[in-house]
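Scroll down for the structure; my scribbles are underneath it.
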2 protein chains.
Amino acid sequence: MKGNGNKHTVVIVGAGFGGIELARKLANTPLDVTILDRNNYHNFQPLMYQVATGGLGPDSIAFPIRRIFRKARNVRFRIAEVTEIHTESKFLSTSIGAIHYDSLVIATGSATNYFNFEPQKENLLSLKSIPDALDMRSTIIQNIERAANKADLKGEPQPINVVIIGGGPAGVELAGALAEMRKYVLPKDFPELDFARMRIYLYEAAPRLLASMSEKASSKTLEYLEKLGIIVRVGARVKDYDGVNVVTEDGSLIETKTVIWTAGVKGAPFDGLPEASVLPNKRILVDDFNRIIGVKDAYAIGDVAACITEENPRGEAMLAQVAMAIQQGKLLARNLLNMQRNEAPMPFSYHNKGVMATIGRRKAVVDLPVLHFQGAFAWFVWMFVHIMSLVGFRNKLITLTDWIINYINYDRPLGLMIRPARKIKKL
Amino acid sequence: MKGNGNKHTVVIVGAGFGGIELARKLANTPLDVTILDRNNYHNFQPLMYQVATGGLGPDSIAFPIRRIFRKARNVRFRIAEVTEIHTESKFLSTSIGAIHYDSLVIATGSATNYFNFEPQKENLLSLKSIPDALDMRSTIIQNIERAANKADLKGEPQPINVVIIGGGPAGVELAGALAEMRKYVLPKDFPELDFARMRIYLYEAAPRLLASMSEKASSKTLEYLEKLGIIVRVGARVKDYDGVNVVTEDGSLIETKTVIWTAGVKGAPFDGLPEASVLPNKRILVDDFNRIIGVKDAYAIGDVAACITEENPRGEAMLAQVAMAIQQGKLLARNLLNMQRNEAPMPFSYHNKGVMATIGRRKAVVDLPVLHFQGAFAWFVWMFVHIMSLVGFRNKLITLTDWIINYINYDRPLGLMIRPARKIKKL
């Protein structure tokens with residue numbers, strides 16, 4: 001057991017980008033740090049869609065949390081699910097028992113927000129975790145196998161449509177990857193099916209795709225997707241899905257077994273926080289120092305945190321900004337250490353380093369603070385940044401290798417339907 | 001739909017080594033071939049233990065079946081589970097409907113045989129499939145996490161024992177891999193635990209390990225395993241396991257959450273075969289030409305087939321011999337084509353090309369027909385043969401890369417507990 005003694009105990013809930021960055025900056029300091037997460041790995045969410053579409057293996061984008069902190073003598077990790085916070089007596093109720101904290105950091109990220117599709121969520125595919133991504137991969141292949149099988153029996157072409165709801169980065173990147181699979185991979189694997197009949201729809205309720213990026217990035221993304229044969233509907237909602245047909249706003253039906261929901265996220269906190277500190281979308285209200293409003297010695301960083309400012313009294317839009325989570329983690333580490341030395345904390349301010357998305361081969365959009373560009377160079381920048389951001393040498397090398405192979409042979413090598421043997425067992 | 005016309009239809013059930021080899025040899029011939037398997041991939045069983053112990057990712061040892069036959073115009077693949085054979089009217093009942101055949105080949109391999117441990121099987125880990133391997137990996141890590149957590153709460157050392165039942169290749173290779181994890185990997189990941197207290201037991205009922213190999217290979221394997229600190233018990237059985245303690249023959253108890261069963265396999269056929277054609281261990285009796293005894297136009301190859309000869313009236317021991325399955329598949333392809341030309345089929349005879357097993361770094365045993373050798377060179381031979389046997393360039397390259405990384409840094413990179421999101425859905 002790594003030692004504690006009577007040191008100040010920081011408990012971090014969630015091993016996403018914010019939580020990991022915070023713990024890294026607290027490694028080998030006088031503080032005692034415990035990270036809690038329901039999984040034993042940190043995963044690289046921005047590349048999850050590549051696992052779902054067979055471009056990368058699950059091991060390439062995830063990294064065991066304990067291995068990140070092998071050299072950190074004051075950082076402890078536990079697999080645990082937190083159910084409730086007791087703000088007065090300063091402890092957490094978890095699946096592995098009560099855990100006391102001196103300072104608490106909630107970095108639980110976001111969960112899928114289904115809005116009015118909540119009753120339909122069992123029929124929808126989402127993309128928030130590695131099991132989600134493997135499940136999506138399996139379901140997409142399974143539905144095409146089913147169409148092949150029906151074509152066999154009935155002798156007539158079967159619909160193999162895909163509907164993606166949500167035109168943010170995840171929806172756009174999935175649509176692009178699926179279009180390339182349809183073009184380069186599926187016709188070779190399923191010669192019995194006519195993929196000219198496979199339709200991929202992308203619905204976005206806002207007036208443009210990638211609403212958080214520049215106008216130019218949006219219009220170029222639309223152009224790329226339409227060139228790849230995606231049917232894009234902006235400013236359009238879907239009304240319903242009954243497991244067989246998607247009902248669009250104008251009442252027309254799209255027959256499909258594959259409906260992917262990337263249209264919304266919400267905060268993922270736990271019980272026990274004061275009602276006034278949690279927004280209707282479950283995000284936690286924090287001040288400039290990431291302190292949770294109304295709770296002593298508790299902080300929230302990353303997607304779960306909503307920062308209230310004079311210009312932004314409702315908390316900022318949840319952009320799933322990796323860079324913001326990392327910057328908040330870094331600053332909070334500094335502030336926690338400063339407070340130990342009775343120095344004043346510093347307020348957070350976001351330094352925008354840029355936003356990017358990829359649509360396909362040599363097709364990406366990059367918005368830097370001073371420069372917006374698109375196309376093949378943007379695509380190389382996107383790949384370079386993403387490979388360098390992966391944790392661990394092995395993951396960087398294997399990802400690079402897979403991408404080079406994919407690029408050369410226009411293929412996506414990883415077409416396994418990996419289904420579970422058993423259900424999750426609780427610790 | 002790939003064409004059929006009025007061609008002779010060969011249905012192959014099972015995409016293991018035998019089934020795939022057969023279909024490969026029938027590719028682009030005048031026969032019409034359908035492969036049925038419950039998974040959409042062929043997997044490389046001999047390296048399954050490496051997925052279970054974090055040495056390789058699941059994608060590295062499996063390959064989508066459709067991709068093997070992209071250039072074969074007469075080979076069709078369907079995901080299907082076969083439930084029954086109707087030998088008179090020559091069709092199969094399957095999860096995707098009835099499938100007619102002119103010639104049927106059963107190549108379903110083997111299933112785990114739990115013998116008297118059948119009632120305990122929910123508590124045992126097995127290693128017959130990729131979900132099995134991922135489940136074993138997750139369970140091993142989860143149990144160590146649990147021990148770390150208990151150590152934390154109680155402040156006293158917790159048992160983290162592993163019991164492996166069965167000293168064939170799978171048991172021996174798992175034991176070696178776990179011993180190396182205990183030595184090189186786990187102490188770095190779990191500094192709070194004392195791995196000198198982790199005991200790994202290997203039980204084999206026969207008087208020696210690797211009973212199908214030479215005496216020298218067995219004794220060297222025992223020496224390697226004991227050097228790695230495995231507690232090996234040969235000529236010893238375990239009596240019971242209740243989910244908490246393993247009961248040994250002398251009545252002593254071993255407390256453990258991790259019990260791995262590699263002690264037995266049985267045939268995996270389906271209903272409808274004549275009783276007289278199926279052995280008590282579920283293997284199917286075949287003649288010299290791999291024809292199923294008492295069933296017209298039906299064949300069995302690989303592990304599921306038991307060949308009756310004068311010297312061997314009960315059918316040969318099931319050795320899980322990859323080479324034998326491949327040789328039977330190859331010959332049967334030739335015989336099926338010969339019969340189309342009204343030529344006589346040729347009887348099967350096994351050409352032993354050698355057997356090998358690996359225990360750990362620079363520790364392997366190889367029995368060639370004329371030469372037995374052990375040690376570092378044997379280990380290189382083992383690695384070379386296994387890499388070359390993997391299907392697909394990508395899998396060869398990624399496996400080689402992972403092995404080189406593992407060799408250099410004494411680590412096993414793939415420590416994710418990947419648990420299922422949803423349960424298997426039927427097609």
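A note on labels: chains of the structure tokens are A, B, ... as shown, every chain counts residues from 1, and ligands are counted from 1 in their shown order.
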
Please identify which residues in segment 101-329 of chain A DSSP calls helix (DSSP H, G or I) from the backbone, and express them as a VMD selection string. chain A and resid 115 to 123 130 to 154 169 to 189 195 to 197 215 to 227 275 to 277 302 to 304 322 to 329

Would you kindly return, as a list in words, each protein, DNA or RNA residue with an atom no farther than 6 Å from any atom of Val163 of chain B, considering only C-alpha atoms and excluding same-chain residues fewer than 4 positions away?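 Neighbouring residues, sequence-local ones excluded: Ile200, Tyr201 and Val259 of chain B.
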
Please indicate the distance in Å from atom CA of Ala23 of chain A to atom CA of Glu275 of chain A, rounded to one decimal place. 28.2 Å

Could you name the residues that touch segment 277-280 of chain A at 10 Å or less, counting only C-alpha atoms, but leaving out those on the same chain fewer than 2 positions away, as an MDAnalysis selection string? chainID A and resid 266:267 269 273:275 282:286 292:295 304:306 314:315

Serialized selection, N, CA and C atoms, as a short mmCIF file (atom, residue, chain, number, x, y, z; two decimals), in the first residue's frame:
data_model
loop_
_atom_site.label_atom_id
_atom_site.label_comp_id
_atom_site.auth_asym_id
_atom_site.auth_seq_id
_atom_site.Cartn_x
_atom_site.Cartn_y
_atom_site.Cartn_z
N LYS A 266 -24.51 15.14 -21.52
CA LYS A 266 -24.89 15.80 -20.28
C LYS A 266 -23.83 15.48 -19.24
N GLY A 267 -23.84 16.24 -18.17
CA GLY A 267 -22.89 15.96 -17.11
C GLY A 267 -23.18 14.60 -16.49
N PRO A 269 -22.64 13.50 -12.90
CA PRO A 269 -22.24 13.59 -11.49
C PRO A 269 -22.89 12.48 -10.69
N LEU A 273 -25.00 16.20 -4.19
CA LEU A 273 -24.62 17.59 -4.39
C LEU A 273 -25.85 18.47 -4.16
N PRO A 274 -25.67 19.71 -3.66
CA PRO A 274 -26.83 20.58 -3.46
C PRO A 274 -27.53 20.81 -4.80
N GLU A 275 -28.86 20.85 -4.77
CA GLU A 275 -29.62 21.02 -6.00
C GLU A 275 -29.21 22.27 -6.78
N LYS A 282 -27.33 18.38 -15.79
CA LYS A 282 -26.48 17.60 -14.86
C LYS A 282 -25.04 18.10 -14.75
N ARG A 283 -24.75 19.24 -15.35
CA ARG A 283 -23.40 19.76 -15.17
C ARG A 283 -23.33 20.49 -13.83
N ILE A 284 -22.11 20.57 -13.29
CA ILE A 284 -21.92 21.10 -11.95
C ILE A 284 -21.40 22.55 -12.06
N LEU A 285 -22.05 23.44 -11.34
CA LEU A 285 -21.66 24.85 -11.40
C LEU A 285 -20.37 25.09 -10.61
N VAL A 286 -19.41 25.71 -11.26
CA VAL A 286 -18.15 26.04 -10.58
C VAL A 286 -17.82 27.51 -10.77
N ILE A 292 -16.66 23.99 -6.67
CA ILE A 292 -18.09 23.74 -6.83
C ILE A 292 -18.86 24.72 -5.95
N ILE A 293 -19.83 25.40 -6.57
CA ILE A 293 -20.62 26.41 -5.85
C ILE A 293 -21.36 25.74 -4.69
N GLY A 294 -21.14 26.21 -3.48
CA GLY A 294 -21.90 25.72 -2.34
C GLY A 294 -21.38 24.45 -1.68
N VAL A 295 -20.24 23.96 -2.12
CA VAL A 295 -19.66 22.76 -1.49
C VAL A 295 -18.21 23.05 -1.12
N VAL A 304 -17.82 17.90 -17.07
CA VAL A 304 -18.87 17.92 -16.05
C VAL A 304 -19.02 19.30 -15.41
N ALA A 305 -18.02 20.14 -15.57
CA ALA A 305 -18.02 21.45 -14.92
C ALA A 305 -18.61 22.52 -15.84
N ALA A 306 -19.47 23.37 -15.27
CA ALA A 306 -20.02 24.50 -16.01
C ALA A 306 -19.58 25.77 -15.29
N ARG A 314 -25.04 31.05 -17.49
CA ARG A 314 -25.58 29.70 -17.45
C ARG A 314 -24.49 28.63 -17.54
N GLY A 315 -23.27 29.01 -17.57
CA GLY A 315 -22.19 28.05 -17.76
C GLY A 315 -21.92 27.87 -19.24
#

Within 6 Å of segment 48-61 of chain A, counting only C-alpha atoms, which residues show up once you throw out same-chain ones fewer than 2 positions away? Write them as number ranges by chain, please. A: 43-46, 133-134, 136-137, 174, 395, 412, 414-415

Would you list, as a PyMOL selection string, the residues of segment 331-371 of chain B that end up in strand (DSSP E) under DSSP run on this structure's backbone? chain B and resi 355-360+363-367

Of the residues A:Arg67, A:Ala263, A:Gly235, A:Ser138, which is the one nearest to Leu416 of chain A, using only C-alpha atoms?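 Closest to Leu416 of chain A of all the choices is A:Ser138.
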
For a test of reading the model, state the distance in Å between atom CA of Lys216 of chain A and atom CA of Val265 of chain A, rounded to one decimal.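 Separation of atom CA of Lys216 of chain A and atom CA of Val265 of chain A: 24.9 Å.
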
Give me, as an MDAnalysis selection string, all polymer residues having an atom no more than 12 Å from segment 363-378 of chain B, counting only C-alpha atoms and skipping those fewer than 6 positions away in the same chain. chainID B and resid 169 172:173 176:177 180 209:210 212:225 227:228 351:357 384:385

Between atom CA of Asn6 of chain B and atom CA of Asp271 of chain B, what is the distance in Å, rounded to a tenth?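 Going from atom CA of Asn6 of chain B over to atom CA of Asp271 of chain B covers 28.2 Å.
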
So that I can see what lies close to Ile79 of chain B, please list as a list in words the residues with an atom at most 9 Å from it, counting only C-alpha atoms and leaving out residues fewer than 4 positions away in the same chain. Gln142, Glu145, Arg146 and Asn149 of chain A; Ile35, Leu36, Asp37, Arg38, Asn39, Asn40, Ser95, Ile96 and Leu427 of chain B

Just N, CA and C atoms for this one: save the residues we selected as a PDB file, in the first residue's frame.
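Final file, again.pdb:
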ATOM      1  N   GLN A 142     -23.068  -6.822 -38.118  1.00  0.00           N
ATOM      2  CA  GLN A 142     -24.153  -7.784 -37.960  1.00  0.00           C
ATOM      3  C   GLN A 142     -25.356  -7.423 -38.826  1.00  0.00           C
ATOM      4  N   GLU A 145     -24.529  -8.297 -42.345  1.00  0.00           N
ATOM      5  CA  GLU A 145     -24.638  -9.759 -42.491  1.00  0.00           C
ATOM      6  C   GLU A 145     -26.105 -10.163 -42.601  1.00  0.00           C
ATOM      7  N   ARG A 146     -26.953  -9.514 -41.816  1.00  0.00           N
ATOM      8  CA  ARG A 146     -28.374  -9.851 -41.836  1.00  0.00           C
ATOM      9  C   ARG A 146     -28.982  -9.525 -43.205  1.00  0.00           C
ATOM     10  N   ASN A 149     -27.974 -12.058 -45.675  1.00  0.00           N
ATOM     11  CA  ASN A 149     -28.709 -13.282 -45.453  1.00  0.00           C
ATOM     12  C   ASN A 149     -30.133 -13.187 -45.993  1.00  0.00           C
TER      13      ASN A 149
ATOM     14  N   ILE B  35     -19.600 -21.480 -46.154  1.00  0.00           N
ATOM     15  CA  ILE B  35     -19.018 -21.667 -44.827  1.00  0.00           C
ATOM     16  C   ILE B  35     -19.991 -21.081 -43.807  1.00  0.00           C
ATOM     17  N   LEU B  36     -20.263 -21.830 -42.762  1.00  0.00           N
ATOM     18  CA  LEU B  36     -21.101 -21.325 -41.661  1.00  0.00           C
ATOM     19  C   LEU B  36     -20.256 -21.269 -40.392  1.00  0.00           C
ATOM     20  N   ASP B  37     -20.367 -20.178 -39.650  1.00  0.00           N
ATOM     21  CA  ASP B  37     -19.693 -20.105 -38.348  1.00  0.00           C
ATOM     22  C   ASP B  37     -20.493 -19.152 -37.471  1.00  0.00           C
ATOM     23  N   ARG B  38     -20.390 -19.309 -36.170  1.00  0.00           N
ATOM     24  CA  ARG B  38     -21.146 -18.421 -35.286  1.00  0.00           C
ATOM     25  C   ARG B  38     -20.458 -17.068 -35.156  1.00  0.00           C
ATOM     26  N   ASN B  39     -19.164 -17.001 -35.449  1.00  0.00           N
ATOM     27  CA  ASN B  39     -18.443 -15.730 -35.452  1.00  0.00           C
ATOM     28  C   ASN B  39     -18.123 -15.317 -36.883  1.00  0.00           C
ATOM     29  N   ASN B  40     -17.806 -14.036 -37.064  1.00  0.00           N
ATOM     30  CA  ASN B  40     -17.445 -13.610 -38.419  1.00  0.00           C
ATOM     31  C   ASN B  40     -15.937 -13.653 -38.645  1.00  0.00           C
ATOM     32  N   SER B  95     -29.793 -21.127 -37.313  1.00  0.00           N
ATOM     33  CA  SER B  95     -30.376 -19.886 -36.810  1.00  0.00           C
ATOM     34  C   SER B  95     -30.831 -18.967 -37.940  1.00  0.00           C
ATOM     35  N   ILE B  96     -30.383 -19.209 -39.171  1.00  0.00           N
ATOM     36  CA  ILE B  96     -30.826 -18.362 -40.294  1.00  0.00           C
ATOM     37  C   ILE B  96     -31.689 -19.164 -41.274  1.00  0.00           C
ATOM     38  N   LEU B 427     -28.941 -13.167 -34.580  1.00  0.00           N
ATOM     39  CA  LEU B 427     -29.216 -12.614 -35.909  1.00  0.00           C
ATOM     40  C   LEU B 427     -30.677 -12.819 -36.274  1.00  0.00           C
TER      41      LEU B 427
END

Which one of A:Arg291, A:Lys7, A:Arg233, A:Lys296 sits closest to Leu332 of chain A if you count only C-alpha atoms?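 Counting only C-alpha atoms, the residue closest to Leu332 of chain A is A:Arg291.
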
Let me make sure I understand: among B:Pro119, B:Gly272, B:Gly109, B:Gly392, which one has the smallest atom-to-atom distance to chain A if we use only C-alpha atoms?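 Looking only at the distances to chain A, the closest residue turns out to be B:Gly392.
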
Return the single residue from A:Met339, A:Leu186, A:Ile254, A:Val162 that is closest to chain B, with distances computed using only C-alpha atoms.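 Of A:Met339, A:Leu186, A:Ile254, A:Val162, the one nearest chain B, counting only C-alpha atoms, is A:Leu186.
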